[in-house]
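Novice: Before anything else, here's the structure in question.
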Amino acid sequence: MTVNTESLASTLMFIVPWPLLVVGLLFGIRADRYPRMMRRMTEVASWFALIFAITAAVAYGVGITRSETYYSVNLPENMGTFEINTYVNAITIVMLLLVSFVGMIVARYSSVYMDGDTHEGRFHRWLSLTLGSFFTLIVVGNMWAFLVSWVATSLFLHELLAFYRERPGAVQAARKKYLLHRISDGSLLAAIVLIVQTLHTGDFSGLQAAVSNLHGTLPEPLVVASGLIVLAAILKSAQFPFHGWLIQVMEAPTPVSALLHAGIIYTGAFLALRMSPILSLSGGARDALILTGLLSIAAASLMMMTETNIKESLAYSTCAQMGFMLMECGLGLYSLAVMHIVAHSVYKAHAFLSSGSVVDHFRAPALPYASRKGSGWGAVLGLVVGSLVVFSIGSGFGVDFRHQPALFALGMVLSVGVTQLILPTLTLRHAGAGTLFLWMGSLSVLVCTAYFGLHRLFDIFLGQSLPVANFPENPFQSGILGLIMAVFLGLIFIQHRIIGVQKRPFWQAAYVHLYNGLYVDIFFARMVGGSTPNGTVRQTQTSNPNHSEVLP
């Protein structure tokens, strides 16, 4: 293949997936006979992907941004063209760097974690294929090639999730995921057909120009397509009530959990980003993303309070965080969603790969809480201080909260997060409480400065890759923004008052229902065989609700 210096970044991106795919497809045929070879080759291929991703980012940074098409064939029935090409833009570079880094870490961790396993070679084969197909999904610019990679990534991941087939719970959870993802595949397929036939383009790079000719109004086929895209993204992101499989696949090897929660779970959000030119003009689709994300945030956060299993608690956190990302896409805050993906991926990979040491945190002595008397005023004071910090620093970075209602709502959400840092210092009763308050206040200022600084950097870097999608200012949308703020304020109130209400009959009943996931997953469990992973309703366990976060 001849390398054109004007498309160097494109060529490097095109090469990234192939070593992993070759390792899985060719050398993986006899994987279990040569486990050490498979382990070594998978690790080398993952390093290769990371190095080439970094080199492609450097080439992009110096202005080598032209995309290339390496294979093309016309499809019948006005379905456009299937192309093997690359889409060189800022979002692709960010995601490629992120996934290649996480993939390398997971591959290295797996080489030790799976050492000596009976089917170690087979594990590395499916890991290579999953990573390779996911890289392909990230770099391709053609919708049909994206669909093929979308399906392939899900099928290869299924083999990892059901790796221990002697564990009924793992197999059943993988079947649920398989069922929901096939519905997602069909939804995306139908959406692409409608898009190609209406806009006469099958490339993501041509969406913005094609949509700009519509003068802000989507024809009926694209309205339907936007709804199908939202459905596909929701199912892929394991949003409530389709979240059960994400919680129950924890019986898969830990490296699989890390790869899923720190990478592949973002496929739905990535689809929303790729299709953002269409979604930005569909008010119904955006509202669906916001409301579904908000419902998942509330449900997963409350369920996480009752969870006693560390890995399942992390899974609930992922469900809530994915809801947050989809909500950001619905609000038109696409650069914030990308920043959220990057931050959450790094955190979640570390959390899963170090989950065995998390118990050490709970062995540490806990600081004493204040009595419940007057604690409500402490929460109000913490929220006031948090809001002052957030909106002052945000305004200093040029954020116009008055004319950007979506950012104002997110500012209130961030204020709730800052309150979580400050609030414990307001409920302490010992001599060093004042000093601790100053320390946590300084930390809050640092966190907000980093948040708005990164927001500004991502806005600058991604500005040309994402459409401008201001959130409509009408009574219904204002009500949605008010609902967002109310949900997060309600969550912090519940967490702050949980010690006082946990012995009341209502909370005890709610605890049981939340511990069982509100029973919404039983329907899907019966569809694939069985009522729950264990065949019965889960039995509650005595636990301290403070061992889990409420907010995602």
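Quick note on naming: the chains in the structure tokens go A, B, ... in the order shown, residues restart at 1 in each chain, and ligands are numbered from 1 in order of appearance.
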Give me the residues within 9 Å of region 252-259 of chain A as number ranges by chain, counting only C-alpha atoms and dropping any in the same chain fewer than 4 places off.

Specialist: A: 99, 102-103, 106-107, 109-110, 113-114, 127, 131, 157, 160-164, 170, 263-265, 311, 315, 348-353, 355

Novice: For Ile278 (chain A), work out the shell of residues within 7 Å, counting only C-alpha atoms and skipping chain neighbours fewer than 3 positions away, then give it as a ChimeraX atom specification.

Specialist: /A:211,226,275,281-282

Novice: Can you tell me, as a ChimeraX atom specification, what residues are no more than 12 Å from Pro19 (chain A) when counting only C-alpha atoms, ignoring any on the same chain fewer than 2 positions away?

Specialist: /A:14-17,21-27,41-50,52,125,128-129,131-133,135-136

Novice: Given only C-alpha atoms as the basis, pick out the residue of A:Tyr334, A:Trp144, A:Trp18, A:Tyr71 nearest to Leu462 (chain A).

Specialist: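 Smallest separation from Leu462 (chain A) among the options: A:Tyr334.
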
Novice: Name the residues in contact with Leu8 (chain A) at a cut-off of 9 Å, using only C-alpha atoms, excluding same-chain residues fewer than 5 positions from it; report them as a PyMOL selection string.

Specialist: chain A and resi 3+13+56+59-60+64-67

Novice: Keeping only all heavy atoms, write the selected residues to a file as a compact mmCIF listing (two decimals), in the first residue's frame.

Specialist:
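Result saved to selection22.txt:
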```
# COMPACT_ATOMS: atom_id res chain seq x y z
N VAL A 3 1.82 4.97 0.75
CA VAL A 3 1.45 5.93 1.78
C VAL A 3 1.59 7.34 1.23
O VAL A 3 2.67 7.76 0.84
CB VAL A 3 2.33 5.76 3.04
CG1 VAL A 3 1.96 6.81 4.08
CG2 VAL A 3 2.17 4.36 3.61
N MET A 13 -4.30 5.26 11.12
CA MET A 13 -5.54 4.84 11.75
C MET A 13 -6.08 3.56 11.12
O MET A 13 -6.61 2.69 11.81
CB MET A 13 -6.57 5.96 11.66
CG MET A 13 -6.27 7.14 12.56
SD MET A 13 -7.21 8.64 12.13
CE MET A 13 -8.87 8.00 12.07
N ALA A 56 -0.63 8.67 14.86
CA ALA A 56 -1.72 9.27 14.08
C ALA A 56 -2.17 10.58 14.70
O ALA A 56 -2.48 11.55 13.98
CB ALA A 56 -2.89 8.29 14.00
N ALA A 59 0.35 13.19 13.74
CA ALA A 59 0.14 13.59 12.34
C ALA A 59 -1.07 14.49 12.21
O ALA A 59 -1.05 15.49 11.47
CB ALA A 59 -0.03 12.34 11.48
N TYR A 60 -2.14 14.18 12.95
CA TYR A 60 -3.33 15.04 12.93
C TYR A 60 -3.01 16.42 13.49
O TYR A 60 -3.48 17.44 12.99
CB TYR A 60 -4.45 14.38 13.73
CG TYR A 60 -5.71 15.19 13.79
CD1 TYR A 60 -6.67 15.12 12.78
CD2 TYR A 60 -5.97 16.04 14.88
CE1 TYR A 60 -7.83 15.86 12.83
CE2 TYR A 60 -7.14 16.79 14.94
CZ TYR A 60 -8.06 16.70 13.92
OH TYR A 60 -9.22 17.45 13.97
N ILE A 64 -2.08 16.97 9.10
CA ILE A 64 -2.26 15.92 8.09
C ILE A 64 -3.60 15.24 8.37
O ILE A 64 -3.67 14.26 9.12
CB ILE A 64 -1.09 14.91 8.13
CG1 ILE A 64 0.23 15.63 7.99
CG2 ILE A 64 -1.24 13.87 7.03
CD1 ILE A 64 1.44 14.73 8.13
N THR A 65 -4.66 15.76 7.82
CA THR A 65 -6.01 15.36 8.23
C THR A 65 -6.86 14.76 7.11
O THR A 65 -8.05 14.51 7.31
CB THR A 65 -6.76 16.57 8.81
OG1 THR A 65 -6.85 17.59 7.80
CG2 THR A 65 -6.03 17.14 10.02
N ARG A 66 -6.31 14.54 5.93
CA ARG A 66 -7.12 14.05 4.83
C ARG A 66 -7.48 12.58 5.02
O ARG A 66 -6.62 11.75 5.33
CB ARG A 66 -6.38 14.21 3.50
CG ARG A 66 -7.31 14.05 2.29
CD ARG A 66 -6.58 14.30 0.98
NE ARG A 66 -5.83 13.12 0.56
CZ ARG A 66 -5.14 13.04 -0.58
NH1 ARG A 66 -5.08 14.10 -1.37
NH2 ARG A 66 -4.49 11.94 -0.89
N SER A 67 -8.77 12.26 4.83
CA SER A 67 -9.24 10.89 4.95
C SER A 67 -9.04 10.15 3.63
O SER A 67 -9.01 10.76 2.56
CB SER A 67 -10.72 10.87 5.35
OG SER A 67 -10.92 11.52 6.58
```

Novice: Determine the nearest neighbour of Gly283 (chain A) from the options A:Ala469, A:Leu518, A:Ala233, A:Val193, counting only C-alpha atoms.

Specialist: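 Looking only at the distances to Gly283 (chain A), the closest residue turns out to be A:Ala469.
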
Novice: Show which residues sit within 6 Å of region 381-394 of chain A, as a PyMOL selection string. Count only C-alpha atoms, and ignore same-chain residues fewer than 6 positions away.

Specialist: chain A and resi 415+418-419+423

Novice: Considering only C-alpha atoms, state which residue in the set A:Ser154, A:Leu407, A:Thr306, A:Pro221 is at the smallest distance from Ala509 (chain A).

Specialist: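 Residue with the minimum atom-to-atom distance to Ala509 (chain A): A:Thr306.
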
Novice: Can you list, as a CSV table (one decimal) with N, CA, C and O atoms, in the first residue's frame, every protein, DNA or RNA residue that comes within 12 Å of His403 (chain A) when you count only C-alpha atoms, leaving out same-chain residues fewer than 6 positions away?

Specialist:
```csv
chain,number,residue,atom,x,y,z
A,395,SER,N,-18.0,31.3,35.4
A,395,SER,CA,-18.0,32.6,34.7
A,395,SER,C,-16.6,33.1,34.4
A,395,SER,O,-16.4,33.8,33.4
A,409,ALA,N,-28.1,24.3,34.0
A,409,ALA,CA,-28.6,23.1,34.7
A,409,ALA,C,-27.4,22.2,35.0
A,409,ALA,O,-27.3,21.6,36.1
A,470,ASN,N,-27.9,24.4,20.3
A,470,ASN,CA,-28.4,25.1,21.5
A,470,ASN,C,-29.7,24.4,21.9
A,470,ASN,O,-30.6,24.0,21.1
A,471,PHE,N,-29.9,24.3,23.2
A,471,PHE,CA,-31.1,23.7,23.8
A,471,PHE,C,-32.3,24.7,23.6
A,471,PHE,O,-32.2,25.8,24.0
A,472,PRO,N,-33.4,24.2,23.1
A,472,PRO,CA,-34.6,25.1,22.8
A,472,PRO,C,-35.1,25.8,24.1
A,472,PRO,O,-35.1,25.1,25.2
A,473,GLU,N,-35.4,27.0,24.1
A,473,GLU,CA,-36.0,27.7,25.2
A,473,GLU,C,-37.5,27.8,25.1
A,473,GLU,O,-38.0,28.8,24.6
```

Novice: Quick one: residues within 12 Å of region 173-181 of chain A, only C-alpha atoms, excluding same-chain residues fewer than 5 positions away - as a short mmCIF file (atom, residue, chain, number, x, y, z; two decimals) with N, CA, C and O atoms, in the first residue's frame?

Specialist:
```cif
data_model
loop_
_atom_site.label_atom_id
_atom_site.label_comp_id
_atom_site.auth_asym_id
_atom_site.auth_seq_id
_atom_site.Cartn_x
_atom_site.Cartn_y
_atom_site.Cartn_z
N TRP A 150 -19.90 -2.59 14.43
CA TRP A 150 -20.81 -2.52 15.58
C TRP A 150 -21.29 -3.92 15.96
O TRP A 150 -21.25 -4.31 17.14
N VAL A 151 -21.72 -4.70 14.97
CA VAL A 151 -22.21 -6.05 15.22
C VAL A 151 -21.05 -6.97 15.63
O VAL A 151 -21.18 -7.76 16.58
N ALA A 152 -19.93 -6.87 14.92
CA ALA A 152 -18.79 -7.75 15.21
C ALA A 152 -18.27 -7.54 16.64
O ALA A 152 -17.97 -8.50 17.35
N THR A 153 -18.16 -6.29 17.06
CA THR A 153 -17.69 -6.00 18.42
C THR A 153 -18.59 -6.64 19.45
O THR A 153 -18.12 -7.24 20.43
N SER A 154 -19.90 -6.56 19.24
CA SER A 154 -20.85 -7.15 20.18
C SER A 154 -20.73 -8.67 20.21
O SER A 154 -20.76 -9.29 21.29
N LEU A 155 -20.58 -9.30 19.05
CA LEU A 155 -20.49 -10.77 19.00
C LEU A 155 -19.21 -11.27 19.65
O LEU A 155 -19.22 -12.28 20.37
N PHE A 156 -18.10 -10.59 19.39
CA PHE A 156 -16.83 -11.01 20.01
C PHE A 156 -16.86 -10.78 21.52
O PHE A 156 -16.35 -11.59 22.30
N LEU A 157 -17.45 -9.67 21.94
CA LEU A 157 -17.57 -9.40 23.37
C LEU A 157 -18.42 -10.47 24.05
O LEU A 157 -18.15 -10.84 25.21
N HIS A 158 -19.43 -10.97 23.35
CA HIS A 158 -20.28 -12.02 23.91
C HIS A 158 -19.46 -13.23 24.33
O HIS A 158 -19.72 -13.85 25.37
N GLU A 159 -18.46 -13.58 23.53
CA GLU A 159 -17.62 -14.73 23.86
C GLU A 159 -16.81 -14.48 25.12
O GLU A 159 -16.53 -15.43 25.88
N LEU A 160 -16.43 -13.24 25.37
CA LEU A 160 -15.70 -12.92 26.60
C LEU A 160 -16.63 -12.92 27.81
O LEU A 160 -16.26 -13.39 28.88
N LEU A 161 -17.84 -12.38 27.64
CA LEU A 161 -18.77 -12.33 28.76
C LEU A 161 -19.23 -13.73 29.17
O LEU A 161 -19.49 -13.98 30.36
N ALA A 162 -19.35 -14.63 28.20
CA ALA A 162 -19.76 -16.01 28.49
C ALA A 162 -18.55 -16.93 28.54
O ALA A 162 -18.67 -18.13 28.26
N PHE A 163 -17.40 -16.40 28.90
CA PHE A 163 -16.16 -17.18 28.86
C PHE A 163 -16.24 -18.38 29.79
O PHE A 163 -15.81 -19.48 29.45
N TYR A 164 -16.77 -18.18 30.99
CA TYR A 164 -16.94 -19.31 31.93
C TYR A 164 -18.35 -19.87 31.75
O TYR A 164 -19.28 -19.51 32.46
N ARG A 165 -18.50 -20.77 30.81
CA ARG A 165 -19.81 -21.29 30.46
C ARG A 165 -20.37 -22.23 31.52
O ARG A 165 -21.55 -22.60 31.45
N ARG A 167 -20.75 -21.30 34.49
CA ARG A 167 -21.41 -20.43 35.46
C ARG A 167 -22.76 -19.98 34.89
O ARG A 167 -22.80 -19.16 33.98
N PRO A 168 -23.86 -20.50 35.40
CA PRO A 168 -25.19 -20.18 34.83
C PRO A 168 -25.49 -18.68 34.85
O PRO A 168 -26.10 -18.17 33.90
N GLY A 186 -30.72 -4.20 14.77
CA GLY A 186 -31.82 -3.99 13.82
C GLY A 186 -32.26 -2.54 13.77
O GLY A 186 -32.58 -2.00 12.70
N SER A 187 -32.29 -1.89 14.92
CA SER A 187 -32.66 -0.48 14.98
C SER A 187 -31.68 0.38 14.21
O SER A 187 -32.07 1.27 13.43
N LEU A 188 -30.37 0.13 14.40
CA LEU A 188 -29.36 0.91 13.69
C LEU A 188 -29.41 0.64 12.19
O LEU A 188 -29.26 1.56 11.37
N LEU A 231 -32.89 4.68 20.21
CA LEU A 231 -33.16 3.35 20.73
C LEU A 231 -31.90 2.48 20.71
O LEU A 231 -31.59 1.79 21.70
N ALA A 232 -31.17 2.52 19.60
CA ALA A 232 -29.93 1.74 19.50
C ALA A 232 -28.92 2.17 20.56
O ALA A 232 -28.27 1.34 21.20
N ALA A 233 -28.79 3.48 20.78
CA ALA A 233 -27.83 4.00 21.76
C ALA A 233 -28.25 3.61 23.18
O ALA A 233 -27.40 3.24 24.01
N ILE A 234 -29.54 3.68 23.47
CA ILE A 234 -30.03 3.33 24.81
C ILE A 234 -29.78 1.86 25.12
O ILE A 234 -29.33 1.50 26.22
N LEU A 235 -30.07 0.99 24.16
CA LEU A 235 -29.86 -0.44 24.39
C LEU A 235 -28.39 -0.78 24.54
O LEU A 235 -28.01 -1.59 25.40
N LYS A 236 -27.54 -0.15 23.76
CA LYS A 236 -26.10 -0.40 23.85
C LYS A 236 -25.52 0.12 25.15
O LYS A 236 -24.53 -0.41 25.67
N SER A 237 -26.13 1.19 25.68
CA SER A 237 -25.60 1.84 26.89
C SER A 237 -26.16 1.24 28.17
O SER A 237 -25.89 1.76 29.25
N ALA A 238 -26.96 0.17 28.06
CA ALA A 238 -27.52 -0.52 29.23
C ALA A 238 -28.28 0.44 30.13
O ALA A 238 -28.08 0.48 31.34
N GLN A 239 -29.19 1.20 29.53
CA GLN A 239 -29.97 2.16 30.30
C GLN A 239 -31.22 1.49 30.89
O GLN A 239 -31.77 0.55 30.34
N PRO A 241 -34.85 0.54 31.60
CA PRO A 241 -34.86 -0.73 32.34
C PRO A 241 -34.10 -1.87 31.65
O PRO A 241 -34.38 -3.03 31.94
N PHE A 242 -33.20 -1.55 30.73
CA PHE A 242 -32.46 -2.58 29.99
C PHE A 242 -31.06 -2.78 30.56
O PHE A 242 -30.14 -3.20 29.86
N HIS A 243 -30.88 -2.50 31.84
CA HIS A 243 -29.57 -2.45 32.46
C HIS A 243 -29.15 -3.75 33.12
O HIS A 243 -28.00 -3.90 33.50
N GLY A 244 -30.07 -4.70 33.29
CA GLY A 244 -29.81 -5.87 34.12
C GLY A 244 -28.57 -6.65 33.72
O GLY A 244 -27.78 -7.07 34.58
N TRP A 245 -28.37 -6.83 32.42
CA TRP A 245 -27.22 -7.64 31.97
C TRP A 245 -25.90 -7.00 32.39
O TRP A 245 -24.94 -7.71 32.72
N LEU A 246 -25.84 -5.67 32.40
CA LEU A 246 -24.59 -4.99 32.76
C LEU A 246 -24.22 -5.27 34.21
O LEU A 246 -23.04 -5.40 34.54
N ILE A 247 -25.22 -5.37 35.07
CA ILE A 247 -24.97 -5.63 36.48
C ILE A 247 -24.56 -7.07 36.70
O ILE A 247 -23.73 -7.37 37.57
N GLN A 248 -25.11 -7.98 35.90
CA GLN A 248 -24.95 -9.40 36.16
C GLN A 248 -23.79 -10.05 35.41
O GLN A 248 -23.53 -11.24 35.61
N VAL A 249 -23.11 -9.34 34.53
CA VAL A 249 -21.98 -9.95 33.81
C VAL A 249 -20.69 -9.88 34.62
O VAL A 249 -19.61 -10.15 34.11
N MET A 250 -20.82 -9.56 35.91
CA MET A 250 -19.64 -9.44 36.75
C MET A 250 -18.95 -10.78 36.99
O MET A 250 -17.86 -10.82 37.55
N GLU A 251 -19.59 -11.88 36.59
CA GLU A 251 -18.93 -13.18 36.73
C GLU A 251 -17.92 -13.43 35.63
O GLU A 251 -17.19 -14.43 35.66
N ALA A 252 -17.86 -12.55 34.65
CA ALA A 252 -16.82 -12.65 33.62
C ALA A 252 -15.48 -12.27 34.25
O ALA A 252 -15.44 -11.63 35.31
N ILE A 265 -18.68 0.01 26.45
CA ILE A 265 -19.99 0.51 26.85
C ILE A 265 -20.26 1.89 26.25
O ILE A 265 -21.42 2.32 26.15
N THR A 267 -20.07 2.67 23.21
CA THR A 267 -20.48 2.55 21.82
C THR A 267 -21.76 3.33 21.54
O THR A 267 -21.90 3.99 20.51
N GLY A 268 -22.72 3.27 22.46
CA GLY A 268 -23.98 3.99 22.27
C GLY A 268 -23.77 5.49 22.24
O GLY A 268 -24.33 6.19 21.38
N ASP A 521 -35.87 -6.57 35.61
CA ASP A 521 -35.05 -7.47 34.80
C ASP A 521 -35.63 -8.88 34.71
O ASP A 521 -35.17 -9.69 33.90
N ILE A 522 -36.64 -9.17 35.53
CA ILE A 522 -37.20 -10.53 35.54
C ILE A 522 -37.79 -10.89 34.17
O ILE A 522 -37.67 -12.02 33.71
N PHE A 523 -38.40 -9.91 33.50
CA PHE A 523 -38.99 -10.16 32.18
C PHE A 523 -37.94 -10.65 31.20
O PHE A 523 -38.15 -11.64 30.49
N PHE A 524 -36.79 -9.97 31.15
CA PHE A 524 -35.73 -10.37 30.22
C PHE A 524 -35.11 -11.70 30.65
O PHE A 524 -34.71 -12.50 29.80
N ALA A 525 -35.01 -11.92 31.95
CA ALA A 525 -34.45 -13.19 32.43
C ALA A 525 -35.31 -14.36 31.98
O ALA A 525 -34.81 -15.40 31.56
N ARG A 526 -36.62 -14.19 32.03
CA ARG A 526 -37.51 -15.28 31.62
C ARG A 526 -37.46 -15.49 30.11
O ARG A 526 -37.67 -16.62 29.63
N MET A 527 -37.20 -14.43 29.36
CA MET A 527 -37.11 -14.57 27.91
C MET A 527 -35.94 -15.45 27.49
O MET A 527 -36.00 -16.15 26.48
N VAL A 528 -34.84 -15.39 28.28
CA VAL A 528 -33.66 -16.18 27.92
C VAL A 528 -33.54 -17.43 28.77
O VAL A 528 -32.58 -18.19 28.65
N GLY A 529 -34.52 -17.64 29.70
CA GLY A 529 -34.52 -18.86 30.51
C GLY A 529 -34.18 -18.60 31.94
O GLY A 529 -33.03 -18.31 32.27
N GLY A 530 -35.17 -18.68 32.83
CA GLY A 530 -34.95 -18.46 34.25
C GLY A 530 -35.58 -17.17 34.71
O GLY A 530 -35.89 -16.29 33.92
N SER A 531 -35.79 -17.02 35.99
CA SER A 531 -36.43 -15.83 36.54
C SER A 531 -35.42 -14.78 36.94
O SER A 531 -35.60 -13.60 36.70
N THR A 532 -34.34 -15.14 37.57
CA THR A 532 -33.23 -14.26 37.93
C THR A 532 -31.97 -15.08 37.78
O THR A 532 -32.02 -16.30 37.61
N PRO A 533 -30.78 -14.48 37.84
CA PRO A 533 -29.57 -15.27 37.71
C PRO A 533 -29.51 -16.44 38.67
O PRO A 533 -28.93 -17.48 38.37
N ASN A 534 -30.10 -16.32 39.84
CA ASN A 534 -30.07 -17.41 40.80
C ASN A 534 -31.39 -18.16 40.87
O ASN A 534 -31.56 -19.06 41.68
#
```

Novice: Rounded to one decimal in Å, what is the spacing between CA of Ala145 (chain A) and CA of Leu331 (chain A)?

Specialist: 28.2 Å
